[in-house]
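Colleague: Okay, so here is final35.pdb, and as you'll see once you scroll down, it has PDB, C-alpha atoms.
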```pdb
MODEL        1
ATOM      1  CA  MET A  30      33.678 -70.601  -3.939
ATOM      2  CA  PRO A  31      32.466 -70.116  -0.364
ATOM      3  CA  PHE A  32      28.796 -70.539   0.437
ATOM      4  CA  VAL A  33      27.640 -68.840   3.632
ATOM      5  CA  LEU A  34      24.397 -69.090   5.552
ATOM      6  CA  LYS A  35      22.709 -65.714   5.954
ATOM      7  CA  VAL A  36      19.904 -65.219   8.431
ATOM      8  CA  TYR A  37      16.669 -63.426   7.488
ATOM      9  CA  PRO A  38      13.684 -62.432   9.658
ATOM     10  CA  THR A  39      10.351 -63.980   8.748
ATOM     11  CA  LYS A  40       6.647 -63.761   9.409
ATOM     12  CA  ILE A  41       5.203 -66.908  10.903
ATOM     13  CA  GLY A  42       2.318 -68.284   8.859
ATOM     14  CA  ASP A  43       3.528 -66.995   5.487
ATOM     15  CA  ARG A  44       4.066 -69.446   2.642
ATOM     16  CA  ILE A  45       7.838 -69.443   2.128
ATOM     17  CA  GLN A  46       7.959 -68.748  -1.604
ATOM     18  CA  LEU A  47       5.575 -65.790  -1.387
ATOM     19  CA  HIS A  48       7.453 -64.513   1.667
ATOM     20  CA  LEU A  49      10.773 -64.440  -0.207
ATOM     21  CA  ILE A  50       9.164 -62.507  -3.048
ATOM     22  CA  ARG A  51       7.194 -60.005  -0.972
ATOM     23  CA  ASN A  52       9.627 -59.369   1.876
ATOM     24  CA  HIS A  53      13.125 -59.972   0.548
ATOM     25  CA  GLY A  54      12.943 -58.526  -2.950
ATOM     26  CA  LEU A  55      13.411 -61.792  -4.853
ATOM     27  CA  SER A  56      11.838 -62.392  -8.224
ATOM     28  CA  PRO A  57       9.471 -65.385  -8.481
ATOM     29  CA  ALA A  58      12.080 -67.231 -10.566
ATOM     30  CA  ASN A  59      14.894 -66.561  -8.074
ATOM     31  CA  ALA A  60      12.765 -67.566  -5.103
ATOM     32  CA  GLN A  61      11.719 -70.803  -6.791
ATOM     33  CA  ASN A  62      15.309 -71.514  -7.832
ATOM     34  CA  LEU A  63      16.596 -71.161  -4.257
ATOM     35  CA  LEU A  64      13.893 -73.460  -2.925
ATOM     36  CA  ASP A  65      14.235 -76.034  -5.716
ATOM     37  CA  ARG A  66      17.998 -76.194  -5.110
ATOM     38  CA  GLY A  67      17.575 -76.713  -1.373
ATOM     39  CA  LYS A  68      19.218 -73.460  -0.286
ATOM     40  CA  VAL A  69      16.578 -72.238   2.174
ATOM     41  CA  PHE A  70      16.505 -73.656   5.729
ATOM     42  CA  ASP A  71      14.569 -73.262   8.945
ATOM     43  CA  LYS A  72      16.264 -72.870  12.351
ATOM     44  CA  ASP A  73      16.767 -76.651  12.574
ATOM     45  CA  MET A  74      18.551 -76.643   9.162
ATOM     46  CA  LYS A  75      15.648 -78.436   7.530
ATOM     47  CA  GLN A  76      15.421 -77.604   3.818
ATOM     48  CA  LEU A  77      12.231 -75.707   3.055
ATOM     49  CA  LYS A  78      10.084 -76.443   0.014
ATOM     50  CA  LYS A  79       8.107 -73.848  -1.908
ATOM     51  CA  THR A  80       4.778 -75.015  -0.478
ATOM     52  CA  ASP A  81       5.980 -74.959   3.163
ATOM     53  CA  VAL A  82       4.497 -72.520   5.675
ATOM     54  CA  ILE A  83       6.976 -70.603   7.864
ATOM     55  CA  GLU A  84       6.927 -71.778  11.488
ATOM     56  CA  THR A  85       9.941 -69.875  12.887
ATOM     57  CA  GLU A  86      10.948 -66.237  13.210
ATOM     58  CA  GLN A  87      14.119 -66.746  11.178
ATOM     59  CA  ILE A  88      15.226 -68.599   8.072
ATOM     60  CA  PHE A  89      18.663 -69.217   6.613
ATOM     61  CA  ILE A  90      19.641 -68.910   2.948
ATOM     62  CA  SER A  91      22.823 -70.400   1.529
ATOM     63  CA  GLU A  92      24.415 -67.673  -0.605
ATOM     64  CA  PHE A  93      27.432 -67.636  -2.907
ATOM     65  CA  ILE A  94      30.101 -65.158  -1.774
ATOM     66  CA  GLY A  95      32.753 -64.626  -4.422
ATOM     67  CA  ILE A  96      36.474 -64.619  -3.693
ATOM     68  CA  THR A  97      39.309 -63.249  -5.797
ATOM     69  CA  LYS A  98      42.677 -64.565  -6.880
ATOM     70  CA  GLY A  99      43.627 -61.327  -8.573
ATOM     71  CA  LEU A 100      41.853 -61.735 -11.926
ATOM     72  CA  LYS A 101      40.414 -58.369 -12.970
ATOM     73  CA  PRO A 102      37.947 -57.472 -15.730
ATOM     74  CA  LEU A 103      39.406 -56.360 -19.025
ATOM     75  CA  PHE A 104      36.607 -53.799 -19.501
ATOM     76  CA  SER A 105      33.380 -52.820 -17.765
ATOM     77  CA  THR A 106      30.334 -50.583 -18.088
ATOM     78  CA  ASP A 107      27.361 -50.181 -15.756
ATOM     79  CA  ASP A 108      25.634 -53.059 -17.604
ATOM     80  CA  PHE A 109      28.333 -55.550 -18.559
ATOM     81  CA  ALA A 110      31.987 -56.506 -18.244
ATOM     82  CA  ILE A 111      34.569 -58.566 -20.131
ATOM     83  CA  PHE A 112      36.961 -61.009 -18.509
ATOM     84  CA  ASP A 113      40.019 -62.498 -20.244
ATOM     85  CA  LYS A 114      40.016 -65.959 -18.647
ATOM     86  CA  PRO A 115      43.239 -67.948 -18.356
ATOM     87  CA  SER A 116      43.225 -71.628 -19.277
ATOM     88  CA  GLY A 117      42.456 -73.992 -16.411
ATOM     89  CA  ILE A 118      39.775 -71.924 -14.667
ATOM     90  CA  MET A 119      36.234 -73.285 -14.749
ATOM     91  CA  VAL A 120      33.497 -70.802 -15.590
ATOM     92  CA  HIS A 121      30.898 -72.164 -13.146
ATOM     93  CA  PRO A 122      31.299 -74.343 -10.043
ATOM     94  CA  VAL A 123      30.703 -78.060 -10.479
ATOM     95  CA  ASN A 124      29.319 -78.295  -6.943
ATOM     96  CA  LYS A 125      29.507 -76.453  -3.620
ATOM     97  CA  PHE A 126      32.959 -77.903  -2.986
ATOM     98  CA  THR A 127      34.518 -76.301  -6.087
ATOM     99  CA  PRO A 128      37.314 -74.188  -4.562
ATOM    100  CA  TYR A 129      37.429 -71.462  -7.226
ATOM    101  CA  CYS A 130      35.975 -70.538 -10.607
ATOM    102  CA  LEU A 131      35.376 -67.478 -12.773
ATOM    103  CA  LEU A 132      32.008 -66.893 -11.094
ATOM    104  CA  ASP A 133      33.953 -66.142  -7.898
ATOM    105  CA  GLU A 134      35.642 -63.193  -9.576
ATOM    106  CA  VAL A 135      32.370 -62.049 -11.137
ATOM    107  CA  LYS A 136      30.547 -61.960  -7.773
ATOM    108  CA  TYR A 137      33.568 -60.489  -5.989
ATOM    109  CA  HIS A 138      33.930 -57.561  -8.403
ATOM    110  CA  PHE A 139      30.286 -56.875  -9.288
ATOM    111  CA  GLY A 140      28.035 -58.345  -6.608
ATOM    112  CA  SER A 141      25.178 -60.818  -6.436
ATOM    113  CA  THR A 142      23.256 -59.580  -9.492
ATOM    114  CA  ALA A 143      26.186 -60.144 -11.870
ATOM    115  CA  ASN A 144      26.254 -63.313 -13.951
ATOM    116  CA  ILE A 145      28.064 -65.033 -16.805
ATOM    117  CA  VAL A 146      26.352 -64.647 -20.183
ATOM    118  CA  HIS A 147      27.966 -67.546 -22.060
ATOM    119  CA  ARG A 148      30.382 -70.413 -21.413
ATOM    120  CA  ILE A 149      33.737 -71.628 -22.620
ATOM    121  CA  ASP A 150      35.457 -74.829 -21.522
ATOM    122  CA  ALA A 151      37.770 -74.751 -18.497
ATOM    123  CA  GLU A 152      40.886 -75.303 -20.622
ATOM    124  CA  THR A 153      39.810 -72.788 -23.269
ATOM    125  CA  SER A 154      41.237 -69.354 -22.529
ATOM    126  CA  GLY A 155      39.978 -65.955 -23.599
ATOM    127  CA  LEU A 156      37.093 -63.519 -23.606
ATOM    128  CA  ILE A 157      33.882 -64.028 -21.640
ATOM    129  CA  LEU A 158      30.983 -61.586 -21.401
ATOM    130  CA  ILE A 159      29.492 -60.776 -17.980
ATOM    131  CA  SER A 160      26.172 -59.069 -17.198
ATOM    132  CA  ARG A 161      26.087 -56.753 -14.184
ATOM    133  CA  THR A 162      22.304 -56.421 -13.789
ATOM    134  CA  LYS A 163      19.372 -58.796 -14.254
ATOM    135  CA  GLU A 164      18.002 -56.586 -17.030
ATOM    136  CA  ALA A 165      21.321 -56.653 -18.895
ATOM    137  CA  GLU A 166      21.562 -60.417 -18.384
ATOM    138  CA  ILE A 167      18.249 -60.991 -20.157
ATOM    139  CA  GLU A 168      19.182 -58.716 -23.059
ATOM    140  CA  LEU A 169      22.703 -60.075 -23.511
ATOM    141  CA  LYS A 170      21.662 -63.719 -23.261
ATOM    142  CA  THR A 171      18.963 -63.054 -25.843
ATOM    143  CA  MET A 172      21.633 -61.530 -28.067
ATOM    144  CA  PHE A 173      23.646 -64.751 -27.822
ATOM    145  CA  GLU A 174      20.599 -66.931 -28.465
ATOM    146  CA  ARG A 175      19.923 -64.937 -31.639
ATOM    147  CA  LYS A 176      23.616 -65.076 -32.709
ATOM    148  CA  LEU A 177      23.833 -61.262 -32.747
ATOM    149  CA  TYR A 178      27.579 -61.253 -32.143
ATOM    150  CA  THR A 179      30.877 -62.190 -33.782
ATOM    151  CA  LYS A 180      33.298 -64.501 -31.997
ATOM    152  CA  LYS A 181      36.719 -65.494 -33.290
ATOM    153  CA  TYR A 182      38.984 -68.113 -31.785
ATOM    154  CA  LEU A 183      42.611 -69.020 -32.268
ATOM    155  CA  ALA A 184      43.621 -72.681 -32.186
ATOM    156  CA  ILE A 185      46.667 -74.817 -32.820
ATOM    157  CA  ALA A 186      45.510 -77.633 -35.088
ATOM    158  CA  ASN A 187      47.450 -80.820 -35.673
ATOM    159  CA  GLY A 188      48.396 -81.285 -39.315
ATOM    160  CA  ILE A 189      48.749 -78.890 -42.223
ATOM    161  CA  ILE A 190      45.774 -76.753 -43.311
ATOM    162  CA  GLU A 191      46.668 -74.695 -46.360
ATOM    163  CA  ASN A 192      43.312 -73.215 -47.425
ATOM    164  CA  GLN A 193      40.168 -71.819 -45.839
ATOM    165  CA  LYS A 194      37.671 -74.507 -44.889
ATOM    166  CA  THR A 195      33.941 -74.134 -44.309
ATOM    167  CA  ILE A 196      32.726 -76.989 -42.126
ATOM    168  CA  ASN A 197      28.957 -77.341 -42.421
ATOM    169  CA  SER A 198      28.327 -80.518 -40.420
ATOM    170  CA  PRO A 199      25.441 -80.981 -37.958
ATOM    171  CA  ILE A 200      26.453 -81.834 -34.373
ATOM    172  CA  LYS A 201      24.739 -84.036 -31.794
ATOM    173  CA  ASP A 202      25.494 -86.006 -28.627
ATOM    174  CA  ASP A 203      27.737 -88.978 -29.398
ATOM    175  CA  ILE A 204      25.439 -91.744 -28.166
ATOM    176  CA  ASN A 205      27.968 -94.385 -29.229
ATOM    177  CA  SER A 206      30.645 -92.940 -26.977
ATOM    178  CA  THR A 207      31.346 -93.905 -23.383
ATOM    179  CA  ILE A 208      32.355 -90.273 -22.745
ATOM    180  CA  ARG A 209      29.307 -88.464 -21.354
ATOM    181  CA  VAL A 210      30.220 -85.002 -22.667
ATOM    182  CA  LYS A 211      31.394 -86.020 -26.127
ATOM    183  CA  MET A 212      29.713 -84.641 -29.251
ATOM    184  CA  THR A 213      29.954 -85.808 -32.853
ATOM    185  CA  THR A 214      28.983 -84.822 -36.385
ATOM    186  CA  ALA A 215      25.866 -86.574 -37.711
ATOM    187  CA  ASP A 216      23.250 -85.906 -40.383
ATOM    188  CA  ASN A 217      20.484 -85.841 -37.764
ATOM    189  CA  GLY A 218      22.304 -83.370 -35.513
ATOM    190  CA  LYS A 219      21.756 -79.643 -35.075
ATOM    191  CA  GLU A 220      22.909 -77.284 -37.798
ATOM    192  CA  SER A 221      26.522 -76.284 -37.156
ATOM    193  CA  LEU A 222      28.795 -74.071 -39.232
ATOM    194  CA  THR A 223      32.433 -73.127 -38.653
ATOM    195  CA  ILE A 224      34.859 -71.257 -40.898
ATOM    196  CA  ILE A 225      38.541 -72.159 -40.482
ATOM    197  CA  ASN A 226      41.210 -69.760 -41.738
ATOM    198  CA  PRO A 227      44.853 -70.893 -41.659
ATOM    199  CA  ILE A 228      47.140 -68.146 -40.342
ATOM    200  CA  GLN A 229      50.555 -69.761 -40.048
ATOM    201  CA  ILE A 230      52.010 -73.213 -40.754
ATOM    202  CA  ASN A 231      54.788 -74.953 -38.853
ATOM    203  CA  HIS A 232      55.931 -77.796 -41.092
ATOM    204  CA  THR A 233      58.516 -78.968 -38.575
ATOM    205  CA  LYS A 234      55.898 -79.530 -35.880
ATOM    206  CA  ASN A 235      53.190 -80.495 -38.397
ATOM    207  CA  GLN A 236      50.867 -77.872 -36.912
ATOM    208  CA  THR A 237      48.739 -75.009 -38.192
ATOM    209  CA  LEU A 238      47.737 -71.866 -36.358
ATOM    210  CA  VAL A 239      44.132 -71.221 -37.363
ATOM    211  CA  GLU A 240      41.407 -68.663 -36.809
ATOM    212  CA  ALA A 241      38.043 -70.324 -36.173
ATOM    213  CA  LEU A 242      34.732 -68.504 -36.639
ATOM    214  CA  PRO A 243      31.813 -70.482 -35.186
ATOM    215  CA  LEU A 244      28.652 -69.192 -36.853
ATOM    216  CA  THR A 245      26.513 -71.394 -34.624
ATOM    217  CA  GLY A 246      26.946 -72.123 -30.927
ATOM    218  CA  ARG A 247      27.059 -75.872 -30.350
ATOM    219  CA  GLN A 248      28.865 -77.540 -27.468
ATOM    220  CA  HIS A 249      32.525 -78.225 -28.359
ATOM    221  CA  GLN A 250      31.762 -77.007 -31.888
ATOM    222  CA  ILE A 251      35.268 -75.982 -32.980
ATOM    223  CA  ARG A 252      36.841 -79.053 -31.380
ATOM    224  CA  VAL A 253      34.326 -81.407 -33.028
ATOM    225  CA  HIS A 254      34.542 -79.765 -36.450
ATOM    226  CA  LEU A 255      38.336 -79.727 -36.562
ATOM    227  CA  GLU A 256      38.470 -83.355 -35.439
ATOM    228  CA  SER A 257      35.897 -84.270 -38.104
ATOM    229  CA  ILE A 258      38.308 -83.161 -40.848
ATOM    230  CA  GLY A 259      41.308 -84.877 -39.290
ATOM    231  CA  HIS A 260      42.859 -81.849 -37.568
ATOM    232  CA  ASN A 261      42.079 -82.109 -33.854
ATOM    233  CA  ILE A 262      43.309 -79.323 -31.590
ATOM    234  CA  LEU A 263      46.685 -79.797 -29.943
ATOM    235  CA  GLY A 264      46.307 -80.909 -26.341
ATOM    236  CA  ASP A 265      42.655 -81.951 -26.660
ATOM    237  CA  PRO A 266      42.031 -84.559 -23.941
ATOM    238  CA  ILE A 267      38.675 -85.721 -25.353
ATOM    239  CA  TYR A 268      38.690 -85.559 -29.152
ATOM    240  CA  GLY A 269      41.140 -87.401 -31.369
ATOM    241  CA  ILE A 270      42.405 -89.732 -28.627
ATOM    242  CA  ASP A 271      41.486 -93.124 -27.167
ATOM    243  CA  GLU A 272      38.330 -92.906 -25.045
ATOM    244  CA  ILE A 273      40.008 -94.770 -22.188
ATOM    245  CA  ILE A 274      42.459 -91.860 -21.936
ATOM    246  CA  ALA A 275      39.634 -89.307 -22.244
ATOM    247  CA  ASP A 276      37.738 -91.003 -19.420
ATOM    248  CA  LYS A 277      40.812 -90.920 -17.181
ATOM    249  CA  TYR A 278      41.144 -87.199 -17.902
ATOM    250  CA  LEU A 279      37.519 -86.498 -16.986
ATOM    251  CA  CYS A 280      37.869 -88.550 -13.800
ATOM    252  CA  LYS A 281      41.049 -86.595 -12.940
ATOM    253  CA  GLU A 282      43.064 -89.821 -13.051
ATOM    254  CA  LEU A 283      45.350 -88.873 -15.966
ATOM    255  CA  SER A 284      48.857 -87.894 -14.886
ATOM    256  CA  LEU A 285      50.595 -84.938 -16.506
ATOM    257  CA  GLU A 286      53.163 -87.329 -17.952
ATOM    258  CA  ASP A 287      50.444 -89.460 -19.596
ATOM    259  CA  ARG A 288      48.600 -86.336 -20.722
ATOM    260  CA  LEU A 289      51.714 -85.098 -22.512
ATOM    261  CA  TYR A 290      52.263 -88.513 -24.081
ATOM    262  CA  HIS A 291      48.739 -88.911 -25.430
ATOM    263  CA  THR A 292      47.826 -85.298 -26.342
ATOM    264  CA  SER A 293      51.303 -83.736 -26.800
ATOM    265  CA  SER A 294      50.526 -80.834 -24.481
ATOM    266  CA  HIS A 295      49.496 -79.870 -20.963
ATOM    267  CA  ARG A 296      46.394 -77.917 -22.112
ATOM    268  CA  LEU A 297      43.874 -77.513 -24.897
ATOM    269  CA  TRP A 298      45.225 -74.855 -27.273
ATOM    270  CA  LEU A 299      41.970 -73.045 -28.022
ATOM    271  CA  HIS A 300      41.582 -69.341 -27.254
ATOM    272  CA  ALA A 301      38.588 -66.965 -27.512
ATOM    273  CA  ASP A 302      40.460 -64.069 -29.074
ATOM    274  CA  TYR A 303      37.820 -61.619 -30.364
ATOM    275  CA  LEU A 304      34.259 -60.611 -29.485
ATOM    276  CA  GLU A 305      32.070 -58.052 -31.257
ATOM    277  CA  PHE A 306      28.471 -57.027 -30.570
ATOM    278  CA  SER A 307      26.125 -54.043 -30.449
ATOM    279  CA  TYR A 308      24.523 -52.978 -27.176
ATOM    280  CA  LYS A 309      22.304 -49.936 -26.714
ATOM    281  CA  ASP A 310      23.278 -48.666 -30.182
ATOM    282  CA  ILE A 311      27.022 -48.862 -29.454
ATOM    283  CA  LEU A 312      29.275 -51.264 -31.378
ATOM    284  CA  TYR A 313      31.839 -52.946 -29.122
ATOM    285  CA  LYS A 314      34.948 -54.778 -30.370
ATOM    286  CA  PHE A 315      37.200 -56.619 -27.939
ATOM    287  CA  HIS A 316      40.569 -58.273 -28.529
ATOM    288  CA  SER A 317      42.164 -60.548 -25.947
ATOM    289  CA  LYS A 318      45.438 -59.407 -24.394
ATOM    290  CA  ASN A 319      46.425 -62.994 -23.618
ATOM    291  CA  LYS A 320      49.140 -64.007 -26.106
ATOM    292  CA  GLU A 321      50.050 -67.363 -24.546
ATOM    293  CA  LEU A 322      48.798 -69.387 -27.518
ATOM    294  CA  LEU A 323      50.722 -67.329 -30.075
ATOM    295  CA  GLU A 324      53.876 -67.475 -27.973
ATOM    296  CA  PHE A 325      53.564 -71.228 -27.581
ATOM    297  CA  PHE A 326      53.030 -71.792 -31.324
ATOM    298  CA  ASN A 327      56.052 -69.695 -32.246
ATOM    299  CA  LYS A 328      58.316 -71.175 -29.557
ATOM    300  CA  ASN A 329      61.287 -73.109 -30.947
TER     301      ASN A 329
ENDMDL
END
```
Produce structure tokens that represent the structure in this file.

Modeller:
Amino acid sequence: MPFVLKVYPTKIGDRIQLHLIRNHGLSPANAQNLLDRGKVFDKDMKQLKKTDVIETEQIFISEFIGITKGLKPLFSTDDFAIFDKPSGIMVHPVNKFTPYCLLDEVKYHFGSTANIVHRIDAETSGLILISRTKEAEIELKTMFERKLYTKKYLAIANGIIENQKTINSPIKDDINSTIRVKMTTADNGKESLTIINPIQINHTKNQTLVEALPLTGRQHQIRVHLESIGHNILGDPIYGIDEIIADKYLCKELSLEDRLYHTSSHRLWLHADYLEFSYKDILYKFHSKNKELLEFFNKN
């Protein structure tokens, strides 16, 4: 995730935010975002604020330049693309020192206007939708906000699930937890609905391969809902385990050996397997080509 400083000519006396909009083709929102995030500098590397007046003939803007590690889009049009993300790759950078994430591949393949429409957790593998233009980004993100899509996940759940389950339990931040990202089911949470369909049972391992259909889009929804009925996902380092262990995982202090001991696997076995939506009067249906989860479940 390299950030580079690019130099731009200026007009002395202009207010910086208006200058970026009028002379460098930035939208008001993008110009404000760059300034609010401290990515615009004068020749002395002083961060410029949106109300500052330009005093030099050049400014510098810190820009994200994507790199590639060989991950290619599964499908693309002029407006959007689909990536099939492996487990272990973050979607967005945590900070400017993040060495690599999916956004690197997005910018590398499609340029600065491309963006990620929705998120999945770093350890969750599978399909992610990418917009290639700002206009497509607005339309596709609105589609997700309005739930105008179908997403199906595969997961390996601990325990035996023999029948379809509809989990209609509101979700909210777990204020009683010491884990900052943890969610929980609660009556005063946001409406959350997930349908769980058992696909295959492994009695020897006491595991069930399930298809999960989240009909709402809450953070960690499938993980929280499965844990709420006593069937947390195999390998989950946050739900269904002691919070001391979860905190060590989040602080990157949990060894692989301890991870295997406490969660029984090296990764979270949750996979975004199917995505369906309509765009410009065309119905698109995508299936993941990544079969790692199925192969792992059927191994031995």

Colleague: What is the CA of Lys75 in chain A-CA of Pro128 in chain A distance in Å, reported with one decimal?

Modeller: 25.2 Å

Colleague: Please report the interatomic distance between CA of Tyr303 in chain A and CA of Ile157 in chain A in Å with one decimal.

Modeller: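 About the pair CA of Tyr303 in chain A and CA of Ile157 in chain A: they are 9.9 Å apart.
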
Colleague: Ranking A:Glu256, A:Asp43, A:Asp216, A:Glu191 by minimum distance to Ile228 in chain A and counting only C-alpha atoms, which one comes first?

Modeller: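 Smallest separation from Ile228 in chain A among the options: A:Glu191.
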
Colleague: Name the residues captured by the PyMOL selection byres ((chain A and resi 166-177) around 12) when it is applied to the shown file; answer as a compact mmCIF listing (two decimals) with C-alpha atoms, in the frame of the given file.

Modeller:
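That gives us selection-v4.txt:
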```txt
# COMPACT_ATOMS: atom_id res chain seq x y z
CA ASP A 108 25.63 -53.06 -17.60
CA PHE A 109 28.33 -55.55 -18.56
CA ALA A 110 31.99 -56.51 -18.24
CA THR A 142 23.26 -59.58 -9.49
CA ALA A 143 26.19 -60.14 -11.87
CA ASN A 144 26.25 -63.31 -13.95
CA ILE A 145 28.06 -65.03 -16.80
CA VAL A 146 26.35 -64.65 -20.18
CA HIS A 147 27.97 -67.55 -22.06
CA ARG A 148 30.38 -70.41 -21.41
CA ILE A 157 33.88 -64.03 -21.64
CA LEU A 158 30.98 -61.59 -21.40
CA ILE A 159 29.49 -60.78 -17.98
CA SER A 160 26.17 -59.07 -17.20
CA ARG A 161 26.09 -56.75 -14.18
CA THR A 162 22.30 -56.42 -13.79
CA LYS A 163 19.37 -58.80 -14.25
CA GLU A 164 18.00 -56.59 -17.03
CA ALA A 165 21.32 -56.65 -18.90
CA TYR A 178 27.58 -61.25 -32.14
CA THR A 179 30.88 -62.19 -33.78
CA LYS A 180 33.30 -64.50 -32.00
CA PRO A 243 31.81 -70.48 -35.19
CA LEU A 244 28.65 -69.19 -36.85
CA THR A 245 26.51 -71.39 -34.62
CA GLY A 246 26.95 -72.12 -30.93
CA ARG A 247 27.06 -75.87 -30.35
CA LEU A 304 34.26 -60.61 -29.48
CA GLU A 305 32.07 -58.05 -31.26
CA PHE A 306 28.47 -57.03 -30.57
CA SER A 307 26.12 -54.04 -30.45
CA TYR A 308 24.52 -52.98 -27.18
CA LYS A 309 22.30 -49.94 -26.71
CA LEU A 312 29.28 -51.26 -31.38
```

Colleague: Taking all atoms listed in the file into account, which of A:Leu63, A:Leu299, A:Ala215, A:Leu156 comes nearest Lys201 in chain A?

Modeller: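 So, comparing all the options, the nearest one is A:Ala215.
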
Colleague: Starting from the sparse input, extend range 118-130 of chain A to N, CA and C atoms and give the output as a PDB file, keeping the file's coordinate frame.

Modeller:
```pdb
ATOM      1  N   ILE A 118      40.769 -72.422 -15.617  1.00  0.00           N
ATOM      2  CA  ILE A 118      39.775 -71.924 -14.667  1.00  0.00           C
ATOM      3  C   ILE A 118      38.379 -72.260 -15.179  1.00  0.00           C
ATOM      4  N   MET A 119      37.608 -72.988 -14.378  1.00  0.00           N
ATOM      5  CA  MET A 119      36.234 -73.285 -14.749  1.00  0.00           C
ATOM      6  C   MET A 119      35.398 -72.012 -14.723  1.00  0.00           C
ATOM      7  N   VAL A 120      34.383 -71.966 -15.560  1.00  0.00           N
ATOM      8  CA  VAL A 120      33.497 -70.802 -15.590  1.00  0.00           C
ATOM      9  C   VAL A 120      32.518 -70.850 -14.425  1.00  0.00           C
ATOM     10  N   HIS A 121      31.856 -71.984 -14.235  1.00  0.00           N
ATOM     11  CA  HIS A 121      30.898 -72.164 -13.146  1.00  0.00           C
ATOM     12  C   HIS A 121      31.377 -73.274 -12.218  1.00  0.00           C
ATOM     13  N   PRO A 122      30.932 -73.255 -10.955  1.00  0.00           N
ATOM     14  CA  PRO A 122      31.299 -74.343 -10.043  1.00  0.00           C
ATOM     15  C   PRO A 122      30.609 -75.642 -10.438  1.00  0.00           C
ATOM     16  N   VAL A 123      31.303 -76.754 -10.237  1.00  0.00           N
ATOM     17  CA  VAL A 123      30.703 -78.060 -10.479  1.00  0.00           C
ATOM     18  C   VAL A 123      29.749 -78.411  -9.345  1.00  0.00           C
ATOM     19  N   ASN A 124      30.150 -78.079  -8.130  1.00  0.00           N
ATOM     20  CA  ASN A 124      29.319 -78.295  -6.943  1.00  0.00           C
ATOM     21  C   ASN A 124      29.772 -77.316  -5.864  1.00  0.00           C
ATOM     22  N   LYS A 125      29.191 -77.416  -4.678  1.00  0.00           N
ATOM     23  CA  LYS A 125      29.507 -76.453  -3.620  1.00  0.00           C
ATOM     24  C   LYS A 125      30.913 -76.615  -3.064  1.00  0.00           C
ATOM     25  N   PHE A 126      31.596 -77.687  -3.458  1.00  0.00           N
ATOM     26  CA  PHE A 126      32.959 -77.903  -2.986  1.00  0.00           C
ATOM     27  C   PHE A 126      34.011 -77.409  -3.984  1.00  0.00           C
ATOM     28  N   THR A 127      33.572 -76.858  -5.121  1.00  0.00           N
ATOM     29  CA  THR A 127      34.518 -76.301  -6.087  1.00  0.00           C
ATOM     30  C   THR A 127      35.252 -75.137  -5.429  1.00  0.00           C
ATOM     31  N   PRO A 128      36.593 -75.201  -5.337  1.00  0.00           N
ATOM     32  CA  PRO A 128      37.314 -74.188  -4.562  1.00  0.00           C
ATOM     33  C   PRO A 128      37.339 -72.802  -5.197  1.00  0.00           C
ATOM     34  N   TYR A 129      37.282 -72.758  -6.548  1.00  0.00           N
ATOM     35  CA  TYR A 129      37.429 -71.462  -7.226  1.00  0.00           C
ATOM     36  C   TYR A 129      37.006 -71.602  -8.679  1.00  0.00           C
ATOM     37  N   CYS A 130      36.352 -70.573  -9.199  1.00  0.00           N
ATOM     38  CA  CYS A 130      35.975 -70.538 -10.607  1.00  0.00           C
ATOM     39  C   CYS A 130      35.786 -69.076 -11.017  1.00  0.00           C
TER      40      CYS A 130
END
```
